[in-house]
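See below for the structure under consideration.
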Amino acid sequence: MNIDDQINKMKKYAEENNVPIMLDDGINFLTSYIKENNIENILEIGTAIGYSSIMMALVNEKVKVTSIERDEKRYLEAIKNIKKFNLEDRINLIYNDAMDVNLIDEYDLIFIDAAKAQNIKFFEKFEKNLKVKGTIITDNLKFHGLVEKAEDEISSRNLRALVRKVRAYVEYLKENTRYKTTFYEIGDGISVSIKE
Ligand code: SAM
């Protein structure tokens with residue numbers, strides 16, 4: 001099976017098993033960013049089945065990814081997928097809750113794509129692992145279009161609470177003067193925060 005077929009197979013699995021993975025626009029943006037900025041070392045919070053880790057590692061052979069996932073079934077599926085692409089030596093998976101993981105390495109890029117309510121916590125926990133002039137990219141800032149809706153249009157209370165947290169994260173990024181953040185209307189909404 002060629003690489004494109006393997007990638008499509010992973011996407012199909014994600015769809016059939018309700019695993020949220022990056023949208024095509026988002027992944028194209030992320031991989032172009034990696035290419036254009038010569039990113040080599042990446043930390044990802046939220047592996048799911050390894051789709052974005054694999055897409056990032058396929059940018060070029062210098063790219064190394066460390067990715068954290070707390071769901072066992074997804075983690076095991078990611079391990080399988082990474083083996084299929086022979087990327088075991090460049091993608092390192094950690095099976096744990098990211099909030100319990102302590103890393104000493106420094107990364108050029110941190111990609112936050114896990115529990116959306118915890119974005120600020122992930123940002124604050126892992127920014128010590130970001131190199132000077134490094135970048136933190138976060139996905140789903142539109143939260144499937146819900147962030148732009150009025151509160152009374154969102155029927156579920158839990159969902160309203162989540163949307164409030166995503167909005168709070170956007171405000172947090174705007175006010176954080178240690179980073180210059182640009183927001184993109186790409187995929188489900190992406191932010192790029194560069195450490196000043
Ligand atoms: N980045 C993946 C991709 O595009 O292929 C998609 C990741 S999916 C949107 C989010 C994943 O983060 C889920 O599989 C979920 O289990 C995981 N997750 C959520 N909170 C987490 C946490 N605190 N620690 C580790 N993983 C977490």
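Each chain in the structure tokens gets a letter, A, B and so on, in the order shown; residues start at 1 in every chain, and ligands are counted from 1 in the order they appear.
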Worksheet item: What's the 12 Å shell around Tyr172 (chain A), counting only C-alpha atoms, without same-chain residues fewer than 6 positions away, as a list in words?
Response: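 Once the nearby chain positions are removed, what remains is Asn119, Ile120, Lys121, Phe123, Glu124, Lys165, Val166, Arg178, Tyr179, Lys180, Thr181, Ser191 and Ser193 of chain A.
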Determine, for each residue of chain A having at least one atom at most 6 Å from an atom of ligand 1, the closest pair of atoms and their separation in Å to one decimal, counting only C-alpha atoms and all ligand atoms; order by chain and ascending number, as JSON lines.
{"residue": "A:Pro20", "atom": "CA", "partner": "ligand 1", "partner_atom_place_in_ligand_line": "9 (C)", "distance": 4.8}
{"residue": "A:Ile21", "atom": "CA", "partner": "ligand 1", "partner_atom_place_in_ligand_line": "4 (O)", "distance": 3.6}
{"residue": "A:Met22", "atom": "CA", "partner": "ligand 1", "partner_atom_place_in_ligand_line": "4 (O)", "distance": 3.8}
{"residue": "A:Gly46", "atom": "CA", "partner": "ligand 1", "partner_atom_place_in_ligand_line": "12 (O)", "distance": 3.4}
{"residue": "A:Thr47", "atom": "CA", "partner": "ligand 1", "partner_atom_place_in_ligand_line": "2 (C)", "distance": 4.7}
{"residue": "A:Ala48", "atom": "CA", "partner": "ligand 1", "partner_atom_place_in_ligand_line": "14 (O)", "distance": 3.5}
{"residue": "A:Gly50", "atom": "CA", "partner": "ligand 1", "partner_atom_place_in_ligand_line": "5 (O)", "distance": 5.4}
{"residue": "A:Tyr51", "atom": "CA", "partner": "ligand 1", "partner_atom_place_in_ligand_line": "5 (O)", "distance": 3.9}
{"residue": "A:Ser52", "atom": "CA", "partner": "ligand 1", "partner_atom_place_in_ligand_line": "5 (O)", "distance": 3.9}
{"residue": "A:Ile68", "atom": "CA", "partner": "ligand 1", "partner_atom_place_in_ligand_line": "25 (C)", "distance": 5.3}
{"residue": "A:Glu69", "atom": "CA", "partner": "ligand 1", "partner_atom_place_in_ligand_line": "26 (N)", "distance": 3.7}
{"residue": "A:Arg70", "atom": "CA", "partner": "ligand 1", "partner_atom_place_in_ligand_line": "25 (C)", "distance": 4.1}
{"residue": "A:Asp71", "atom": "CA", "partner": "ligand 1", "partner_atom_place_in_ligand_line": "16 (O)", "distance": 4.7}
{"residue": "A:Asn96", "atom": "CA", "partner": "ligand 1", "partner_atom_place_in_ligand_line": "25 (C)", "distance": 5.9}
{"residue": "A:Asp97", "atom": "CA", "partner": "ligand 1", "partner_atom_place_in_ligand_line": "24 (N)", "distance": 3.6}
{"residue": "A:Ala98", "atom": "CA", "partner": "ligand 1", "partner_atom_place_in_ligand_line": "24 (N)", "distance": 3.8}
{"residue": "A:Met99", "atom": "CA", "partner": "ligand 1", "partner_atom_place_in_ligand_line": "23 (N)", "distance": 5.7}
{"residue": "A:Asp113", "atom": "CA", "partner": "ligand 1", "partner_atom_place_in_ligand_line": "1 (N)", "distance": 5.2}
{"residue": "A:Ala114", "atom": "CA", "partner": "ligand 1", "partner_atom_place_in_ligand_line": "12 (O)", "distance": 3.5}
{"residue": "A:Ala115", "atom": "CA", "partner": "ligand 1", "partner_atom_place_in_ligand_line": "20 (N)", "distance": 3.9}
Practice prompt. Can you list, as a ChimeraX atom specification, all residues belonging to chain A that DSSP tags as strand (DSSP E or B)?
Written response: /A:41-45,64-69,91-95,107-112,130-138,179-184,190-195
Compile the contact shell of Arg90 (chain A) as a PDB file with N, CA and C atoms, in the first residue's frame: residues with an atom at most 8 Å away, counting only C-alpha atoms, same-chain residues fewer than 4 positions apart removed.
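This is the output file part20.pdb:
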ATOM      1  N   ALA A  57       5.686  14.176  10.922  1.00  0.00           N
ATOM      2  CA  ALA A  57       6.965  13.473  10.725  1.00  0.00           C
ATOM      3  C   ALA A  57       7.262  13.252   9.238  1.00  0.00           C
ATOM      4  N   VAL A  63      12.444  15.837  11.133  1.00  0.00           N
ATOM      5  CA  VAL A  63      11.381  16.081  12.122  1.00  0.00           C
ATOM      6  C   VAL A  63      11.275  14.927  13.119  1.00  0.00           C
ATOM      7  N   LYS A  64      11.269  15.301  14.415  1.00  0.00           N
ATOM      8  CA  LYS A  64      11.081  14.313  15.483  1.00  0.00           C
ATOM      9  C   LYS A  64       9.882  14.754  16.323  1.00  0.00           C
ATOM     10  N   VAL A  65       9.002  13.828  16.617  1.00  0.00           N
ATOM     11  CA  VAL A  65       7.777  14.178  17.352  1.00  0.00           C
ATOM     12  C   VAL A  65       7.699  13.380  18.648  1.00  0.00           C
TER      13      VAL A  65
END
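The nearest approach to Ile136 (chain A) among the residues A:Glu61, A:Asp152, A:Glu44, A:Glu77, with only C-alpha atoms taken into account, belongs to A:Glu44.
Checking A:Asp24, A:Glu148, A:Glu175, A:Glu15 one by one against Ile49 (chain A), counting only C-alpha atoms, you find the shortest gap at A:Glu15.
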Practice prompt. Please measure the separation of CA of Val147 (chain A) and CA of Val163 (chain A), giving the value in Å to one decimal.
Written response: 5.8 Å
Item to complete: Excluding Thr31 (chain A) and any residue of its chain fewer than 4 positions from it, enumerate the residues within 12 Å of it, using only C-alpha atoms, and give them as an NGL selection string.
Response: :A and (22 or 24-27 or 35-40 or 42 or 52-60 or 63 or 109 or 111 or 137)
Any chance you can output those residues with N, CA and C atoms as a PDB file, in the first residue's frame?
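Saved as result.pdb:
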ATOM      1  N   MET A  22      -7.319  16.242  12.948  1.00  0.00           N
ATOM      2  CA  MET A  22      -7.280  17.559  12.305  1.00  0.00           C
ATOM      3  C   MET A  22      -7.954  17.545  10.942  1.00  0.00           C
ATOM      4  N   ASP A  24      -8.416  18.717   6.994  1.00  0.00           N
ATOM      5  CA  ASP A  24      -7.394  18.813   5.936  1.00  0.00           C
ATOM      6  C   ASP A  24      -6.725  20.189   5.881  1.00  0.00           C
ATOM      7  N   ASP A  25      -7.526  21.259   5.952  1.00  0.00           N
ATOM      8  CA  ASP A  25      -6.947  22.615   5.900  1.00  0.00           C
ATOM      9  C   ASP A  25      -5.965  22.839   7.042  1.00  0.00           C
ATOM     10  N   GLY A  26      -6.371  22.360   8.217  1.00  0.00           N
ATOM     11  CA  GLY A  26      -5.544  22.539   9.419  1.00  0.00           C
ATOM     12  C   GLY A  26      -4.224  21.795   9.296  1.00  0.00           C
ATOM     13  N   ILE A  27      -4.295  20.551   8.833  1.00  0.00           N
ATOM     14  CA  ILE A  27      -3.067  19.748   8.738  1.00  0.00           C
ATOM     15  C   ILE A  27      -2.147  20.323   7.653  1.00  0.00           C
ATOM     16  N   LYS A  35       7.536  23.059   7.562  1.00  0.00           N
ATOM     17  CA  LYS A  35       8.480  23.104   6.434  1.00  0.00           C
ATOM     18  C   LYS A  35       9.125  24.490   6.338  1.00  0.00           C
ATOM     19  N   GLU A  36       8.276  25.524   6.349  1.00  0.00           N
ATOM     20  CA  GLU A  36       8.783  26.889   6.120  1.00  0.00           C
ATOM     21  C   GLU A  36       9.664  27.395   7.253  1.00  0.00           C
ATOM     22  N   ASN A  37       9.444  26.887   8.453  1.00  0.00           N
ATOM     23  CA  ASN A  37      10.206  27.393   9.591  1.00  0.00           C
ATOM     24  C   ASN A  37      11.281  26.418  10.070  1.00  0.00           C
ATOM     25  N   ASN A  38      11.588  25.434   9.242  1.00  0.00           N
ATOM     26  CA  ASN A  38      12.618  24.441   9.574  1.00  0.00           C
ATOM     27  C   ASN A  38      12.462  23.867  10.974  1.00  0.00           C
ATOM     28  N   ILE A  39      11.233  23.530  11.321  1.00  0.00           N
ATOM     29  CA  ILE A  39      10.963  22.958  12.641  1.00  0.00           C
ATOM     30  C   ILE A  39      11.484  21.522  12.669  1.00  0.00           C
ATOM     31  N   GLU A  40      12.170  21.176  13.767  1.00  0.00           N
ATOM     32  CA  GLU A  40      12.686  19.807  13.853  1.00  0.00           C
ATOM     33  C   GLU A  40      12.107  19.031  15.032  1.00  0.00           C
ATOM     34  N   ILE A  42       9.278  18.508  17.842  1.00  0.00           N
ATOM     35  CA  ILE A  42       7.872  18.863  18.102  1.00  0.00           C
ATOM     36  C   ILE A  42       7.333  18.083  19.300  1.00  0.00           C
ATOM     37  N   SER A  52      -1.919  13.188  13.076  1.00  0.00           N
ATOM     38  CA  SER A  52      -1.145  14.442  12.922  1.00  0.00           C
ATOM     39  C   SER A  52       0.342  14.226  13.212  1.00  0.00           C
ATOM     40  N   SER A  53       0.664  13.325  14.159  1.00  0.00           N
ATOM     41  CA  SER A  53       2.093  13.028  14.426  1.00  0.00           C
ATOM     42  C   SER A  53       2.751  12.515  13.153  1.00  0.00           C
ATOM     43  N   ILE A  54       2.056  11.597  12.495  1.00  0.00           N
ATOM     44  CA  ILE A  54       2.611  10.988  11.274  1.00  0.00           C
ATOM     45  C   ILE A  54       2.735  12.036  10.167  1.00  0.00           C
ATOM     46  N   MET A  55       1.696  12.852   9.996  1.00  0.00           N
ATOM     47  CA  MET A  55       1.737  13.876   8.942  1.00  0.00           C
ATOM     48  C   MET A  55       2.895  14.857   9.196  1.00  0.00           C
ATOM     49  N   MET A  56       3.123  15.198  10.463  1.00  0.00           N
ATOM     50  CA  MET A  56       4.220  16.129  10.786  1.00  0.00           C
ATOM     51  C   MET A  56       5.571  15.456  10.521  1.00  0.00           C
ATOM     52  N   ALA A  57       5.686  14.176  10.922  1.00  0.00           N
ATOM     53  CA  ALA A  57       6.965  13.473  10.725  1.00  0.00           C
ATOM     54  C   ALA A  57       7.262  13.252   9.238  1.00  0.00           C
ATOM     55  N   LEU A  58       6.210  13.197   8.423  1.00  0.00           N
ATOM     56  CA  LEU A  58       6.427  12.975   6.983  1.00  0.00           C
ATOM     57  C   LEU A  58       6.912  14.228   6.250  1.00  0.00           C
ATOM     58  N   VAL A  59       6.921  15.383   6.946  1.00  0.00           N
ATOM     59  CA  VAL A  59       7.372  16.626   6.286  1.00  0.00           C
ATOM     60  C   VAL A  59       8.812  16.465   5.786  1.00  0.00           C
ATOM     61  N   ASN A  60       9.693  16.010   6.672  1.00  0.00           N
ATOM     62  CA  ASN A  60      11.042  15.652   6.230  1.00  0.00           C
ATOM     63  C   ASN A  60      11.729  14.813   7.315  1.00  0.00           C
ATOM     64  N   VAL A  63      12.444  15.837  11.133  1.00  0.00           N
ATOM     65  CA  VAL A  63      11.381  16.081  12.122  1.00  0.00           C
ATOM     66  C   VAL A  63      11.275  14.927  13.119  1.00  0.00           C
ATOM     67  N   LEU A 109       8.505  23.485  18.457  1.00  0.00           N
ATOM     68  CA  LEU A 109       7.057  23.659  18.292  1.00  0.00           C
ATOM     69  C   LEU A 109       6.310  22.784  19.293  1.00  0.00           C
ATOM     70  N   PHE A 111       2.430  21.605  19.864  1.00  0.00           N
ATOM     71  CA  PHE A 111       1.119  21.584  19.225  1.00  0.00           C
ATOM     72  C   PHE A 111       0.096  21.083  20.249  1.00  0.00           C
ATOM     73  N   ILE A 137       1.281  26.101  18.773  1.00  0.00           N
ATOM     74  CA  ILE A 137       0.108  26.121  17.882  1.00  0.00           C
ATOM     75  C   ILE A 137      -1.040  25.396  18.582  1.00  0.00           C
TER      76      ILE A 137
END
Worksheet item: Which residue, A:Leu87, A:Ile79, A:Ala14, A:Ile110, has the smallest gap to Ile194 (chain A) when you use only C-alpha atoms?
Response: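 Answer, going by the shortest atom-to-atom distance: A:Ile110.
The spacing separating CA of Asp139 (chain A) from CA of Leu30 (chain A) amounts to 9.8 Å.
When only C-alpha atoms are used to compute distances to Lys62 (chain A), the closest of the residues A:Asn102, A:Asn2, A:Asn41, A:Thr177 turns out to be A:Asn41.
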Worksheet entry | Distance of CA of Lys12 (chain A) from CA of Glu88 (chain A), expressed in Å to one decimal place |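 Distance reported for this atom pair: 22.0 Å.
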Item to complete: Assign secondary structure with DSSP using the backbone only, and return the residues of chain A in helix (DSSP H, G or I) as a ChimeraX atom specification.
Response: /A:3-16,24-36,51-57,72-84,98-100,116-129,146-148,151-153,157-175
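Using only C-alpha atoms, the shortest contact distance between His144 (chain A) and any of A:Leu159, A:Val132, A:Ile34, A:Ile94 is found at A:Leu159.
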